[in-house]
$ cat entry_19.cif   # mmCIF, C-alpha atoms
data_model
#
loop_
_atom_site.label_atom_id
_atom_site.label_comp_id
_atom_site.auth_asym_id
_atom_site.auth_seq_id
_atom_site.Cartn_x
_atom_site.Cartn_y
_atom_site.Cartn_z
CA MET F 1 63.60 157.57 -27.43
CA ARG F 2 61.02 159.32 -29.61
CA SER F 3 61.44 162.58 -27.73
CA GLY F 4 65.21 162.40 -28.31
CA VAL F 5 64.69 162.00 -32.06
CA PHE F 6 62.13 164.81 -32.06
CA ILE F 7 64.52 167.14 -30.21
CA PHE F 8 67.36 166.25 -32.61
CA ILE F 9 65.17 166.98 -35.65
CA MET F 10 64.00 170.31 -34.17
CA LEU F 11 67.58 171.37 -33.36
CA TRP F 12 68.74 170.35 -36.84
CA LEU F 13 65.93 172.34 -38.49
CA ALA F 14 66.66 175.37 -36.33
CA GLY F 15 70.35 175.11 -37.25
CA GLN F 16 69.53 174.92 -40.96
CA GLN F 17 67.30 177.99 -40.69
CA PHE F 18 70.05 179.88 -38.83
CA LEU F 19 72.66 178.92 -41.43
CA SER F 20 70.46 179.98 -44.34
CA ALA F 21 69.81 183.32 -42.61
CA GLN F 22 73.57 183.85 -42.33
CA THR F 23 74.36 182.92 -45.93
CA GLY F 24 71.78 184.83 -47.98
CA PRO F 25 72.73 186.22 -51.40
CA ASN F 26 76.04 188.06 -51.63
CA LYS F 27 75.19 190.03 -54.77
CA LEU F 28 77.14 193.04 -53.49
CA ALA F 29 80.45 191.29 -52.75
CA PHE F 30 82.03 193.16 -55.70
CA MET F 31 81.84 196.35 -53.63
CA GLU F 32 84.30 195.04 -51.02
CA GLY F 33 87.62 196.88 -50.78
CA GLU F 34 89.10 200.37 -50.59
CA TRP F 35 88.21 202.88 -53.27
CA GLN F 36 89.82 206.26 -53.91
CA GLY F 37 89.21 209.11 -56.31
CA LEU F 38 87.63 212.51 -56.86
CA GLY F 39 84.13 213.85 -56.59
CA TRP F 40 82.06 216.99 -56.34
CA MET F 41 78.87 217.94 -54.57
CA MET F 42 76.59 220.92 -54.82
CA THR F 43 76.61 223.14 -51.74
CA GLN F 44 75.07 226.49 -50.90
CA GLY F 45 78.30 228.09 -52.06
CA GLY F 46 78.39 226.18 -55.36
CA ASN F 47 80.10 222.98 -56.46
CA GLN F 48 82.71 221.71 -54.05
CA SER F 49 85.38 219.23 -55.21
CA SER F 50 86.97 216.74 -52.85
CA ASN F 51 89.23 213.71 -52.57
CA ILE F 52 87.16 210.68 -51.63
CA LEU F 53 88.03 207.44 -49.88
CA GLU F 54 85.34 204.76 -49.54
CA LYS F 55 85.88 201.51 -47.69
CA VAL F 56 83.50 198.54 -47.91
CA GLU F 57 83.88 195.56 -45.58
CA CYS F 58 81.90 192.35 -46.05
CA ARG F 59 80.55 190.64 -42.96
CA GLN F 60 78.53 187.45 -42.46
CA GLY F 61 79.13 186.04 -45.91
CA CYS F 62 78.67 189.47 -47.48
CA THR F 63 75.04 189.63 -46.39
CA VAL F 64 76.15 192.66 -44.34
CA LEU F 65 78.41 195.38 -45.71
CA VAL F 66 79.93 198.16 -43.59
CA VAL F 67 80.55 201.26 -45.71
CA THR F 68 82.56 204.31 -44.67
CA GLY F 69 83.06 207.36 -46.83
CA LEU F 70 85.38 210.29 -46.28
CA GLY F 71 85.71 213.33 -48.50
CA THR F 72 88.46 215.88 -47.86
CA LYS F 73 89.50 219.17 -49.39
CA THR F 74 92.79 221.03 -48.97
CA ASP F 75 92.51 224.81 -48.59
CA SER F 76 94.66 226.41 -51.30
CA ILE F 77 95.80 229.24 -49.01
CA THR F 78 96.26 227.64 -45.58
CA LYS F 79 97.05 224.15 -46.96
CA GLU F 80 94.83 222.79 -44.19
CA THR F 81 92.91 219.59 -44.99
CA LYS F 82 89.23 219.80 -44.12
CA THR F 83 86.61 217.02 -44.00
CA VAL F 84 83.68 217.86 -46.27
CA HIS F 85 81.96 214.47 -46.29
CA ASP F 86 81.95 211.88 -43.50
CA ALA F 87 79.45 209.05 -43.92
CA PHE F 88 78.83 205.63 -42.40
CA GLY F 89 76.35 203.04 -43.54
CA VAL F 90 75.35 199.42 -43.19
CA ILE F 91 73.86 197.45 -46.05
CA SER F 92 72.26 194.17 -45.10
CA TYR F 93 70.28 191.44 -46.77
CA ASP F 94 66.79 190.87 -45.38
CA ASN F 95 65.90 187.20 -45.96
CA LYS F 96 62.22 187.73 -45.21
CA ALA F 97 61.83 190.68 -47.60
CA GLY F 98 64.25 189.16 -50.13
CA LYS F 99 66.16 192.40 -50.66
CA TYR F 100 69.07 194.51 -49.48
CA MET F 101 68.41 197.45 -47.19
CA MET F 102 70.72 200.32 -46.31
CA ARG F 103 70.88 202.28 -43.08
CA ALA F 104 73.01 205.41 -43.46
CA TYR F 105 74.25 207.69 -40.70
CA ARG F 106 75.34 211.25 -41.46
CA ASN F 107 75.47 214.41 -39.35
CA GLY F 108 73.34 212.90 -36.59
CA GLU F 109 70.64 211.69 -38.99
CA VAL F 110 69.64 208.11 -39.83
CA THR F 111 68.18 207.10 -43.19
CA ASP F 112 66.78 203.72 -44.22
CA ALA F 113 66.50 202.88 -47.92
CA ALA F 114 65.88 199.83 -50.07
CA ILE F 115 68.59 198.92 -52.59
CA GLU F 116 67.26 198.54 -56.13
CA PHE F 117 69.31 196.62 -58.72
CA LEU F 118 69.26 198.30 -62.14
CA ASN F 119 71.52 195.50 -63.41
CA ASP F 120 74.02 193.07 -61.82
CA LYS F 121 76.49 195.82 -60.94
CA THR F 122 74.44 199.02 -60.83
CA ILE F 123 72.38 199.87 -57.77
CA ARG F 124 70.13 202.74 -56.74
CA TRP F 125 68.62 203.94 -53.50
CA SER F 126 66.57 207.00 -52.69
CA MET F 127 65.18 208.92 -49.76
CA VAL F 128 62.62 211.62 -49.16
CA THR F 129 64.14 214.83 -47.79
CA PRO F 130 62.67 216.71 -44.81
CA GLN F 131 62.50 219.87 -46.96
CA GLY F 132 60.40 218.09 -49.57
CA GLY F 133 61.56 216.21 -52.62
CA THR F 134 63.60 213.08 -53.17
CA VAL F 135 67.31 212.42 -53.39
CA ARG F 136 68.49 209.34 -55.25
CA PHE F 137 71.93 207.84 -55.73
CA THR F 138 72.94 205.58 -58.60
CA THR F 139 76.17 203.62 -58.20
CA ASP F 140 77.70 201.87 -61.19
CA PHE F 141 80.40 199.17 -60.88
CA THR F 142 80.10 197.79 -64.44
CA GLU F 143 83.64 198.88 -65.38
CA SER F 144 86.28 196.70 -63.75
CA ASN F 145 87.71 198.23 -60.53
CA LYS F 146 85.75 201.47 -61.02
CA TRP F 147 83.02 202.98 -58.80
CA LYS F 148 80.97 205.72 -60.45
CA GLU F 149 78.24 207.38 -58.44
CA MET F 150 75.77 210.13 -59.22
CA GLY F 151 73.37 211.84 -56.82
CA GLU F 152 70.25 213.60 -58.05
CA PHE F 153 67.45 215.67 -56.52
CA SER F 154 63.83 216.02 -57.62
CA ARG F 155 60.93 217.99 -56.16
CA ASP F 156 58.32 216.14 -58.22
CA GLY F 157 59.87 212.71 -58.94
CA ASN F 158 59.98 213.46 -62.68
CA SER F 159 62.62 216.16 -63.24
CA TRP F 160 66.04 215.33 -61.76
CA MET F 161 68.99 217.66 -61.10
CA LYS F 162 72.51 216.29 -60.58
CA ILE F 163 73.81 217.27 -57.11
CA MET F 164 76.93 215.13 -56.79
CA GLU F 165 79.20 212.85 -58.73
CA MET F 166 82.29 210.80 -57.97
CA GLU F 167 84.59 208.38 -59.73
CA LEU F 168 86.75 206.06 -57.67
CA LEU F 169 89.31 203.36 -58.46
CA LYS F 170 89.82 200.23 -56.40
CA LYS F 171 93.10 200.36 -54.47
#
$ encode --input "entry_19.cif" --output "structure tokens"
Amino acid sequence: MRSGVFIFIMLWLAGQQFLSAQTGPNKLAFMEGEWQGLGWMMTQGGNQSSNILEKVECRQGCTVLVVTGLGTKTDSITKETKTVHDAFGVISYDNKAGKYMMRAYRNGEVTDAAIEFLNDKTIRWSMVTPQGGTVRFTTDFTESNKWKEMGEFSRDGNSWMKIMEMELLKK
């Protein structure tokens, strides 16, 4: 009889731990949805404007977000639509570390970055570039149904140069 009670208690505790791991904070639930607008990014040929569509799907109680981003540009002469930005990322909450982490995939490269909250609806993440320097992205959702994002580059971590910007509205 005692072993049955012990097994029940152990299974119950394991279940509680599993449930708490699945239902961590959902501080980024406001990102969920489809977002559309315009943006620009600095390229070797200068600033390039594009139409942008971002889609954020919440999974597992919004402790995991799947983010896809697509930027397109229509050639003014040929009228052909060309993809200029195609990104995929997963943002997940790490219960042990107590923070959100992002894993981004782009052009065959994988980047891991911690999400830093500047306030309740403004986040930032950064990454070191292989060429030297740091790129950081600040995303602001403080205005209702608006996603504003700015990307910056710095060689020394002190002086920052804007390299991209976008403003999207929730569909």
$ atom_distance --input "entry_19.cif" --atom1 "CA of Ile77 (chain F)" --atom2 "CA of Met42 (chain F)"
21.7 Å
$ atom_distance --input "entry_19.cif" --atom1 "CA of Arg103 (chain F)" --atom2 "CA of Gly89 (chain F)"
5.5 Å
$ resolve_selection --input "entry_19.cif" --expression "the PyMOL selection byres ((chain F and resi 54) around 7)" --output "number ranges by chain"
F: 34-36, 52-53, 55-56, 68-70
$ resolve_selection --input "entry_19.cif" --expression "the PyMOL selection byres ((chain F and resi 74) around 12)" --output "list in words"
Gln48, Ser49, Ser50, Asn51, Gly71, Thr72, Lys73, Asp75, Ser76, Ile77, Thr78, Lys79, Glu80, Thr81, Lys82, Thr83 and Val84 of chain F
$ residues_around --input "entry_19.cif" --residues "Met166 (chain F)" --least-positions-apart "6" --cutoff "6 Å" --atoms "all atoms listed in the file" --output "list in words"
Leu38, Gly39, Lys148 and Glu149 of chain F
$ resolve_selection --input "entry_19.cif" --expression "the PyMOL selection byres ((chain F and resi 27) around 12)" --output "list in words"
Thr23, Gly24, Pro25, Asn26, Leu28, Ala29, Phe30, Met31, Glu32, Cys58, Gly61, Cys62, Thr63, Val64, Leu65, Ile91, Ser92, Tyr93, Gly98, Lys99, Tyr100, Ile115, Glu116, Phe117, Asn119, Asp120, Lys121, Thr122 and Ile123 of chain F
$ atom_distance --input "entry_19.cif" --atom1 "CA of Ser154 (chain F)" --atom2 "CA of Ala97 (chain F)"
27.3 Å
$ closest_residue --input "entry_19.cif" --among "F:Val66, F:Leu118, F:Asn145, F:Gln131" --to "Met102 (chain F)" --atoms "only C-alpha atoms"
F:Val66
$ closest_residue --input "entry_19.cif" --among "F:Lys162, F:Lys146, F:Arg155, F:Lys96" --to "Thr134 (chain F)" --atoms "all atoms listed in the file"
F:Arg155
$ closest_residue --input "entry_19.cif" --among "F:Gly46, F:Gly37, F:Arg136, F:Ala104" --to "Leu169 (chain F)" --atoms "only C-alpha atoms"
F:Gly37
$ decode --input "entry_19.cif" --residues "region 26-71 of chain F" --atoms "N, CA and C atoms" --output "PDB file, in the first residue's frame"
ATOM      1  N   ASN F  26       3.733  33.990 -20.623  1.00  0.00           N
ATOM      2  CA  ASN F  26       3.404  34.248 -22.027  1.00  0.00           C
ATOM      3  C   ASN F  26       3.467  35.748 -22.287  1.00  0.00           C
ATOM      4  N   LYS F  27       4.565  36.360 -21.879  1.00  0.00           N
ATOM      5  CA  LYS F  27       4.751  37.808 -21.985  1.00  0.00           C
ATOM      6  C   LYS F  27       4.791  38.300 -23.433  1.00  0.00           C
ATOM      7  N   LEU F  28       4.933  37.396 -24.394  1.00  0.00           N
ATOM      8  CA  LEU F  28       5.016  37.821 -25.791  1.00  0.00           C
ATOM      9  C   LEU F  28       3.762  37.489 -26.587  1.00  0.00           C
ATOM     10  N   ALA F  29       2.673  37.134 -25.906  1.00  0.00           N
ATOM     11  CA  ALA F  29       1.433  36.775 -26.602  1.00  0.00           C
ATOM     12  C   ALA F  29       0.924  37.911 -27.489  1.00  0.00           C
ATOM     13  N   PHE F  30       1.223  39.152 -27.136  1.00  0.00           N
ATOM     14  CA  PHE F  30       0.775  40.309 -27.931  1.00  0.00           C
ATOM     15  C   PHE F  30       1.345  40.301 -29.344  1.00  0.00           C
ATOM     16  N   MET F  31       2.399  39.533 -29.581  1.00  0.00           N
ATOM     17  CA  MET F  31       2.998  39.480 -30.913  1.00  0.00           C
ATOM     18  C   MET F  31       2.190  38.618 -31.883  1.00  0.00           C
ATOM     19  N   GLU F  32       1.346  37.741 -31.353  1.00  0.00           N
ATOM     20  CA  GLU F  32       0.629  36.780 -32.191  1.00  0.00           C
ATOM     21  C   GLU F  32      -0.217  37.482 -33.249  1.00  0.00           C
ATOM     22  N   GLY F  33      -0.193  36.941 -34.468  1.00  0.00           N
ATOM     23  CA  GLY F  33      -1.023  37.452 -35.548  1.00  0.00           C
ATOM     24  C   GLY F  33      -0.224  37.681 -36.821  1.00  0.00           C
ATOM     25  N   GLU F  34      -0.903  38.261 -37.811  1.00  0.00           N
ATOM     26  CA  GLU F  34      -0.258  38.618 -39.078  1.00  0.00           C
ATOM     27  C   GLU F  34      -0.081  40.125 -39.104  1.00  0.00           C
ATOM     28  N   TRP F  35       1.090  40.530 -39.546  1.00  0.00           N
ATOM     29  CA  TRP F  35       1.485  41.935 -39.566  1.00  0.00           C
ATOM     30  C   TRP F  35       1.967  42.280 -40.970  1.00  0.00           C
ATOM     31  N   GLN F  36       1.593  43.457 -41.451  1.00  0.00           N
ATOM     32  CA  GLN F  36       1.969  43.841 -42.817  1.00  0.00           C
ATOM     33  C   GLN F  36       2.320  45.318 -42.855  1.00  0.00           C
ATOM     34  N   GLY F  37       3.329  45.642 -43.679  1.00  0.00           N
ATOM     35  CA  GLY F  37       3.713  47.034 -43.823  1.00  0.00           C
ATOM     36  C   GLY F  37       4.929  47.194 -44.705  1.00  0.00           C
ATOM     37  N   LEU F  38       5.665  48.282 -44.469  1.00  0.00           N
ATOM     38  CA  LEU F  38       6.825  48.620 -45.288  1.00  0.00           C
ATOM     39  C   LEU F  38       8.078  48.684 -44.433  1.00  0.00           C
ATOM     40  N   GLY F  39       9.196  48.469 -45.082  1.00  0.00           N
ATOM     41  CA  GLY F  39      10.470  48.570 -44.398  1.00  0.00           C
ATOM     42  C   GLY F  39      11.585  48.859 -45.380  1.00  0.00           C
ATOM     43  N   TRP F  40      12.753  49.096 -44.842  1.00  0.00           N
ATOM     44  CA  TRP F  40      13.951  49.277 -45.664  1.00  0.00           C
ATOM     45  C   TRP F  40      15.119  48.638 -44.937  1.00  0.00           C
ATOM     46  N   MET F  41      16.110  48.226 -45.717  1.00  0.00           N
ATOM     47  CA  MET F  41      17.345  47.713 -45.139  1.00  0.00           C
ATOM     48  C   MET F  41      18.516  48.192 -45.981  1.00  0.00           C
ATOM     49  N   MET F  42      19.632  48.373 -45.312  1.00  0.00           N
ATOM     50  CA  MET F  42      20.834  48.815 -45.993  1.00  0.00           C
ATOM     51  C   MET F  42      21.477  47.604 -46.676  1.00  0.00           C
ATOM     52  N   THR F  43      21.802  47.769 -47.944  1.00  0.00           N
ATOM     53  CA  THR F  43      22.488  46.714 -48.693  1.00  0.00           C
ATOM     54  C   THR F  43      23.760  47.308 -49.301  1.00  0.00           C
ATOM     55  N   GLN F  44      24.524  46.485 -49.963  1.00  0.00           N
ATOM     56  CA  GLN F  44      25.742  46.990 -50.608  1.00  0.00           C
ATOM     57  C   GLN F  44      25.422  48.039 -51.661  1.00  0.00           C
ATOM     58  N   GLY F  45      24.236  47.931 -52.255  1.00  0.00           N
ATOM     59  CA  GLY F  45      23.827  48.893 -53.278  1.00  0.00           C
ATOM     60  C   GLY F  45      23.083  50.104 -52.724  1.00  0.00           C
ATOM     61  N   GLY F  46      22.956  50.203 -51.417  1.00  0.00           N
ATOM     62  CA  GLY F  46      22.225  51.307 -50.799  1.00  0.00           C
ATOM     63  C   GLY F  46      20.983  50.802 -50.089  1.00  0.00           C
ATOM     64  N   ASN F  47      20.109  51.728 -49.693  1.00  0.00           N
ATOM     65  CA  ASN F  47      18.876  51.342 -49.007  1.00  0.00           C
ATOM     66  C   ASN F  47      17.919  50.669 -49.973  1.00  0.00           C
ATOM     67  N   GLN F  48      17.323  49.579 -49.519  1.00  0.00           N
ATOM     68  CA  GLN F  48      16.374  48.842 -50.335  1.00  0.00           C
ATOM     69  C   GLN F  48      15.049  48.764 -49.589  1.00  0.00           C
ATOM     70  N   SER F  49      13.982  49.289 -50.204  1.00  0.00           N
ATOM     71  CA  SER F  49      12.646  49.260 -49.607  1.00  0.00           C
ATOM     72  C   SER F  49      11.948  47.970 -49.985  1.00  0.00           C
ATOM     73  N   SER F  50      11.032  47.529 -49.116  1.00  0.00           N
ATOM     74  CA  SER F  50      10.289  46.312 -49.423  1.00  0.00           C
ATOM     75  C   SER F  50       8.952  46.296 -48.686  1.00  0.00           C
ATOM     76  N   ASN F  51       8.048  45.479 -49.204  1.00  0.00           N
ATOM     77  CA  ASN F  51       6.797  45.166 -48.531  1.00  0.00           C
ATOM     78  C   ASN F  51       7.087  44.012 -47.597  1.00  0.00           C
ATOM     79  N   ILE F  52       6.581  44.070 -46.373  1.00  0.00           N
ATOM     80  CA  ILE F  52       6.932  43.057 -45.384  1.00  0.00           C
ATOM     81  C   ILE F  52       5.673  42.434 -44.805  1.00  0.00           C
ATOM     82  N   LEU F  53       5.709  41.125 -44.665  1.00  0.00           N
ATOM     83  CA  LEU F  53       4.660  40.352 -44.019  1.00  0.00           C
ATOM     84  C   LEU F  53       5.317  39.502 -42.953  1.00  0.00           C
ATOM     85  N   GLU F  54       4.908  39.687 -41.706  1.00  0.00           N
ATOM     86  CA  GLU F  54       5.408  38.889 -40.582  1.00  0.00           C
ATOM     87  C   GLU F  54       4.226  38.133 -40.009  1.00  0.00           C
ATOM     88  N   LYS F  55       4.461  36.885 -39.668  1.00  0.00           N
ATOM     89  CA  LYS F  55       3.419  36.064 -39.054  1.00  0.00           C
ATOM     90  C   LYS F  55       3.987  35.442 -37.790  1.00  0.00           C
ATOM     91  N   VAL F  56       3.258  35.587 -36.685  1.00  0.00           N
ATOM     92  CA  VAL F  56       3.677  35.040 -35.396  1.00  0.00           C
ATOM     93  C   VAL F  56       2.585  34.103 -34.903  1.00  0.00           C
ATOM     94  N   GLU F  57       2.962  32.850 -34.654  1.00  0.00           N
ATOM     95  CA  GLU F  57       2.032  31.849 -34.141  1.00  0.00           C
ATOM     96  C   GLU F  57       2.465  31.425 -32.746  1.00  0.00           C
ATOM     97  N   CYS F  58       1.519  31.468 -31.804  1.00  0.00           N
ATOM     98  CA  CYS F  58       1.792  31.002 -30.441  1.00  0.00           C
ATOM     99  C   CYS F  58       1.587  29.499 -30.365  1.00  0.00           C
ATOM    100  N   ARG F  59       2.478  28.858 -29.664  1.00  0.00           N
ATOM    101  CA  ARG F  59       2.382  27.417 -29.404  1.00  0.00           C
ATOM    102  C   ARG F  59       2.646  27.175 -27.927  1.00  0.00           C
ATOM    103  N   GLN F  60       2.110  26.101 -27.405  1.00  0.00           N
ATOM    104  CA  GLN F  60       2.327  25.671 -26.022  1.00  0.00           C
ATOM    105  C   GLN F  60       2.099  26.808 -25.029  1.00  0.00           C
ATOM    106  N   GLY F  61       0.909  27.384 -25.093  1.00  0.00           N
ATOM    107  CA  GLY F  61       0.555  28.449 -24.161  1.00  0.00           C
ATOM    108  C   GLY F  61       1.364  29.708 -24.375  1.00  0.00           C
ATOM    109  N   CYS F  62       1.823  29.914 -25.559  1.00  0.00           N
ATOM    110  CA  CYS F  62       2.628  31.077 -25.958  1.00  0.00           C
ATOM    111  C   CYS F  62       3.995  31.092 -25.279  1.00  0.00           C
ATOM    112  N   THR F  63       4.458  29.929 -24.832  1.00  0.00           N
ATOM    113  CA  THR F  63       5.842  29.839 -24.369  1.00  0.00           C
ATOM    114  C   THR F  63       6.761  29.573 -25.554  1.00  0.00           C
ATOM    115  N   VAL F  64       6.164  29.243 -26.704  1.00  0.00           N
ATOM    116  CA  VAL F  64       6.912  29.075 -27.955  1.00  0.00           C
ATOM    117  C   VAL F  64       6.196  29.876 -29.029  1.00  0.00           C
ATOM    118  N   LEU F  65       6.946  30.724 -29.739  1.00  0.00           N
ATOM    119  CA  LEU F  65       6.389  31.481 -30.848  1.00  0.00           C
ATOM    120  C   LEU F  65       7.146  31.117 -32.115  1.00  0.00           C
ATOM    121  N   VAL F  66       6.408  30.864 -33.184  1.00  0.00           N
ATOM    122  CA  VAL F  66       6.997  30.602 -34.494  1.00  0.00           C
ATOM    123  C   VAL F  66       6.826  31.883 -35.305  1.00  0.00           C
ATOM    124  N   VAL F  67       7.939  32.422 -35.793  1.00  0.00           N
ATOM    125  CA  VAL F  67       7.919  33.716 -36.479  1.00  0.00           C
ATOM    126  C   VAL F  67       8.450  33.536 -37.898  1.00  0.00           C
ATOM    127  N   THR F  68       7.663  33.968 -38.877  1.00  0.00           N
ATOM    128  CA  THR F  68       8.123  33.970 -40.263  1.00  0.00           C
ATOM    129  C   THR F  68       8.064  35.401 -40.778  1.00  0.00           C
ATOM    130  N   GLY F  69       9.053  35.759 -41.561  1.00  0.00           N
ATOM    131  CA  GLY F  69       9.115  37.101 -42.128  1.00  0.00           C
ATOM    132  C   GLY F  69       9.442  37.033 -43.600  1.00  0.00           C
ATOM    133  N   LEU F  70       8.694  37.774 -44.400  1.00  0.00           N
ATOM    134  CA  LEU F  70       8.924  37.787 -45.840  1.00  0.00           C
ATOM    135  C   LEU F  70       8.886  39.226 -46.326  1.00  0.00           C
ATOM    136  N   GLY F  71       9.967  39.640 -46.971  1.00  0.00           N
ATOM    137  CA  GLY F  71      10.043  40.959 -47.579  1.00  0.00           C
ATOM    138  C   GLY F  71      10.128  40.809 -49.081  1.00  0.00           C
TER     139      GLY F  71
END
